[in-house]
Amino acid sequence: MGNTSVGTAKIRTRFAPSPTGYLHIGGARTTLFNWLFARHHGGQFILRIEDTDEVRSTEDSVQAILDSVAWLGLDWDEGPLTMTSEKGPHQSYYQMKRVDIYKKYIGELLKEGNAYPCYCTKDEIEAMRRLAQLEKRPPKYEGRCRNLTDAQRKQNDAGGKPFSIRFRMPEEGTTIVDDLIRGKVEFENKLQQDLVIQKTTGGPTYNFACVVDDHLMEMSHVIRGDEHLSNTPSQIQMYKALGWETPQFAHLSMIMGPDGTKLSKRHGATSVLDYKVKGYLPEAMRNYLALLGWATTDSQQLFSGEELISKFDLAGCQKSPATFDTVKLDWMNGEYIRKTPISNLIQLAQPFIEGAGLKVNGGPSLEKTIALEHEKFKLLSEIPTLIEFFYKQVEFNPKAMEKVLKAPGAKEVLLGLAGELKEFSPFEDKKLEERIRKFCVDRGLKPGQVFHPLRVACTGRTEGPTLFLMLEIMGREKVIDRLNEAAALLQ
RNA sequence: GGCGCGUUCGUCUAGCGGCCUAGGACGCUGCCCUCUCAAGGCAGAGAUCACGGGUUCAAAUCCCGUACGCGCCA
């Protein structure tokens, strides 16, 4: 167990979502990297719920996020409810259930003078900010309550003035963030803000709860998005003030939308679960996400699950932001679908077939029809449309009708074939091909003049599976019917 | 506005001073295969390595500056 380790601690990473909505692509990527890092090193992966936003956090979001992570196939070792053992190190991995813990440490900081109450109201801070901006000064908190005398504090408290607690940044020196991806990044302390660590409500802020928990939960590595880099010096000073060792930091580049701005709802599907609904395979999603901001020196593209774990490292992580490109994701998903055995694919396709309202009972087996089109699917959601003609009335594509069926001689071909195949046996792939090719020769027709109308009559489309195997699977009766029906349409 | 980060084909990226006339992948184009569509095979187009200065015999790679983008601070 991690809590007995010292110094050369075990690798422990965490996934710490704010349950204020679904899990988006960026969050999923961060989660994946933390998970890969932990698994690569045989370490542990901890799930913590950062619900310090009391207004927007919901249990539904927690559920949605856990569903997403589970779908991606990422498992965790501790939290949010499952303890490592009965005497698990933490009572809860929900931050709002840990408020007493934060208060205790805030008390310590206050006692040592490393934190102070701030009585400024929102409006006052807002006004100072405006003024600063007008005067072209940086709009940072000026530290008005930084050096209040005890008397002044007492007076405020007596008046029942609400207050927040701010962390006191050192005025001198610099703080160096030794980042595993970016190297050493230096910040001047006097330019950093005195961050609020406890809100007027008494609840902790993200920046403080995160520090306390990462320490108490013994994180060895904090791997997170680039947007947190700027707050890291303040956090490092908090660790210092509390006498704690800092974890190792690694800041990942951000993920952008196609327009170069941070990926968000505006860019369409950004929830991981949207991709499940669209018919992506979790393995493909994982592989694609891994390559957003990480690469091996040989630029390998496709990785098995184990390979991803064994080859992942922080050194291969990119500093510059990456654009989320679904075109490559689609290709990759197709690769994964092609690698999926038919029996599994049928299982995976089931919900999509039902969702499309396609009734497959009584028709050819899915083993055959799905196998027939196997290499064509890029998304699971495409499966029903590509096999539907086996199971329902043919819908003629207008262009196919115009170009192929209404071509001169097509009707005669259809009727001729219907006649020839009525008694033909065995009704199977190679034999059919032989027979139909002979039909072409007998009538002095080019293969295309026969094959194309035949396909359109049976499927309604010009493009589709390989012809003769398709006929075999469809079965003689249905093929003959369709030939006659199509011919009838042509009067 | 201050601070921080970033900038190699359209996109994801390799590259860590000479192997780079910049490699791979997706996408794109063409050809082959072929009963269509895919898949597969082959070939090709596509990057003055953001720009400008240095350092060096030698720079995509090191240093400085500029521009642009992004993030944090509100």
# chains A, B, ... in the order shown; residues from 1 in each chain; ligands from 1
>>> interface_residues(of="chain B", to="chain A", cutoff="10 Å", atoms="only C-alpha atoms (C1' of nucleotides)", output="list in words")
G1, G2, C3, G4, C5, G6, U7, U11, C12, U13, A14, G15, G23, G24, A25, C26, G27, C35, U36, C37, A38, A39, G69, C70, G71, C72, C73 and A74 of chain B
>>> select_by_dssp(residues="stretch 225-349 of chain A", states="strand (DSSP E)", output="list in words")
Gly225, Gln248, Phe249, Ala250, His251, Leu252, Ile255, Met256, Ala322 and Thr323 of chain A
>>> write_last_selection(atoms="N, CA and C atoms", output="mmCIF file, in the first residue's frame")
data_model
loop_
_atom_site.group_PDB
_atom_site.id
_atom_site.type_symbol
_atom_site.label_atom_id
_atom_site.label_comp_id
_atom_site.auth_asym_id
_atom_site.auth_seq_id
_atom_site.Cartn_x
_atom_site.Cartn_y
_atom_site.Cartn_z
ATOM 1 N N GLY A 225 -3.749 19.532 -17.486
ATOM 2 C CA GLY A 225 -3.736 20.421 -18.644
ATOM 3 C C GLY A 225 -2.891 21.663 -18.401
ATOM 4 N N GLN A 248 5.640 15.595 -8.554
ATOM 5 C CA GLN A 248 6.223 15.960 -9.844
ATOM 6 C C GLN A 248 5.095 16.479 -10.718
ATOM 7 N N PHE A 249 5.355 17.551 -11.425
ATOM 8 C CA PHE A 249 4.314 18.102 -12.291
ATOM 9 C C PHE A 249 4.607 17.817 -13.755
ATOM 10 N N ALA A 250 3.556 17.644 -14.501
ATOM 11 C CA ALA A 250 3.676 17.500 -15.951
ATOM 12 C C ALA A 250 2.458 18.178 -16.563
ATOM 13 N N HIS A 251 2.697 19.213 -17.336
ATOM 14 C CA HIS A 251 1.578 19.943 -17.939
ATOM 15 C C HIS A 251 1.438 19.635 -19.420
ATOM 16 N N LEU A 252 0.297 19.083 -19.730
ATOM 17 C CA LEU A 252 -0.003 18.646 -21.095
ATOM 18 C C LEU A 252 -0.494 19.820 -21.938
ATOM 19 N N ILE A 255 -6.014 20.797 -26.158
ATOM 20 C CA ILE A 255 -6.590 20.294 -27.400
ATOM 21 C C ILE A 255 -7.490 21.370 -27.986
ATOM 22 N N MET A 256 -7.253 21.655 -29.254
ATOM 23 C CA MET A 256 -7.987 22.727 -29.914
ATOM 24 C C MET A 256 -9.015 22.180 -30.889
ATOM 25 N N ALA A 322 -2.636 20.524 -29.832
ATOM 26 C CA ALA A 322 -3.012 19.674 -30.958
ATOM 27 C C ALA A 322 -4.468 19.926 -31.343
ATOM 28 N N THR A 323 -4.723 19.809 -32.621
ATOM 29 C CA THR A 323 -6.090 19.988 -33.115
ATOM 30 C C THR A 323 -6.788 18.636 -33.192
#
>>> atom_distance(atom1="atom CA of A:His221", atom2="atom CA of A:Thr13")
5.5 Å
>>> atom_distance(atom1="atom CA of A:Glu412", atom2="atom CA of A:Phe390")
24.0 Å
>>> residues_around(residues="A:Ser310", least_positions_apart="5", cutoff="9 Å", atoms="only C-alpha atoms (C1' of nucleotides)", output="PyMOL selection string")
chain A and resi 36+39-41+305
>>> write_last_selection(atoms="N, CA and C atoms", output="PDB file, in the first residue's frame")
ATOM      1  N   LEU A  36      -2.296   5.793 -18.232  1.00  0.00           N
ATOM      2  CA  LEU A  36      -1.198   5.108 -18.921  1.00  0.00           C
ATOM      3  C   LEU A  36       0.090   5.202 -18.119  1.00  0.00           C
ATOM      4  N   ARG A  39      -0.162   2.875 -15.081  1.00  0.00           N
ATOM      5  CA  ARG A  39      -0.107   1.464 -15.475  1.00  0.00           C
ATOM      6  C   ARG A  39       1.285   1.105 -16.003  1.00  0.00           C
ATOM      7  N   HIS A  40       1.872   2.016 -16.717  1.00  0.00           N
ATOM      8  CA  HIS A  40       3.209   1.767 -17.261  1.00  0.00           C
ATOM      9  C   HIS A  40       4.198   1.477 -16.129  1.00  0.00           C
ATOM     10  N   HIS A  41       4.032   2.217 -15.025  1.00  0.00           N
ATOM     11  CA  HIS A  41       4.978   2.068 -13.921  1.00  0.00           C
ATOM     12  C   HIS A  41       4.466   1.117 -12.843  1.00  0.00           C
ATOM     13  N   GLY A 305      -3.683  -2.380 -26.738  1.00  0.00           N
ATOM     14  CA  GLY A 305      -3.815  -1.851 -25.385  1.00  0.00           C
ATOM     15  C   GLY A 305      -2.543  -1.999 -24.577  1.00  0.00           C
TER      16      GLY A 305
END
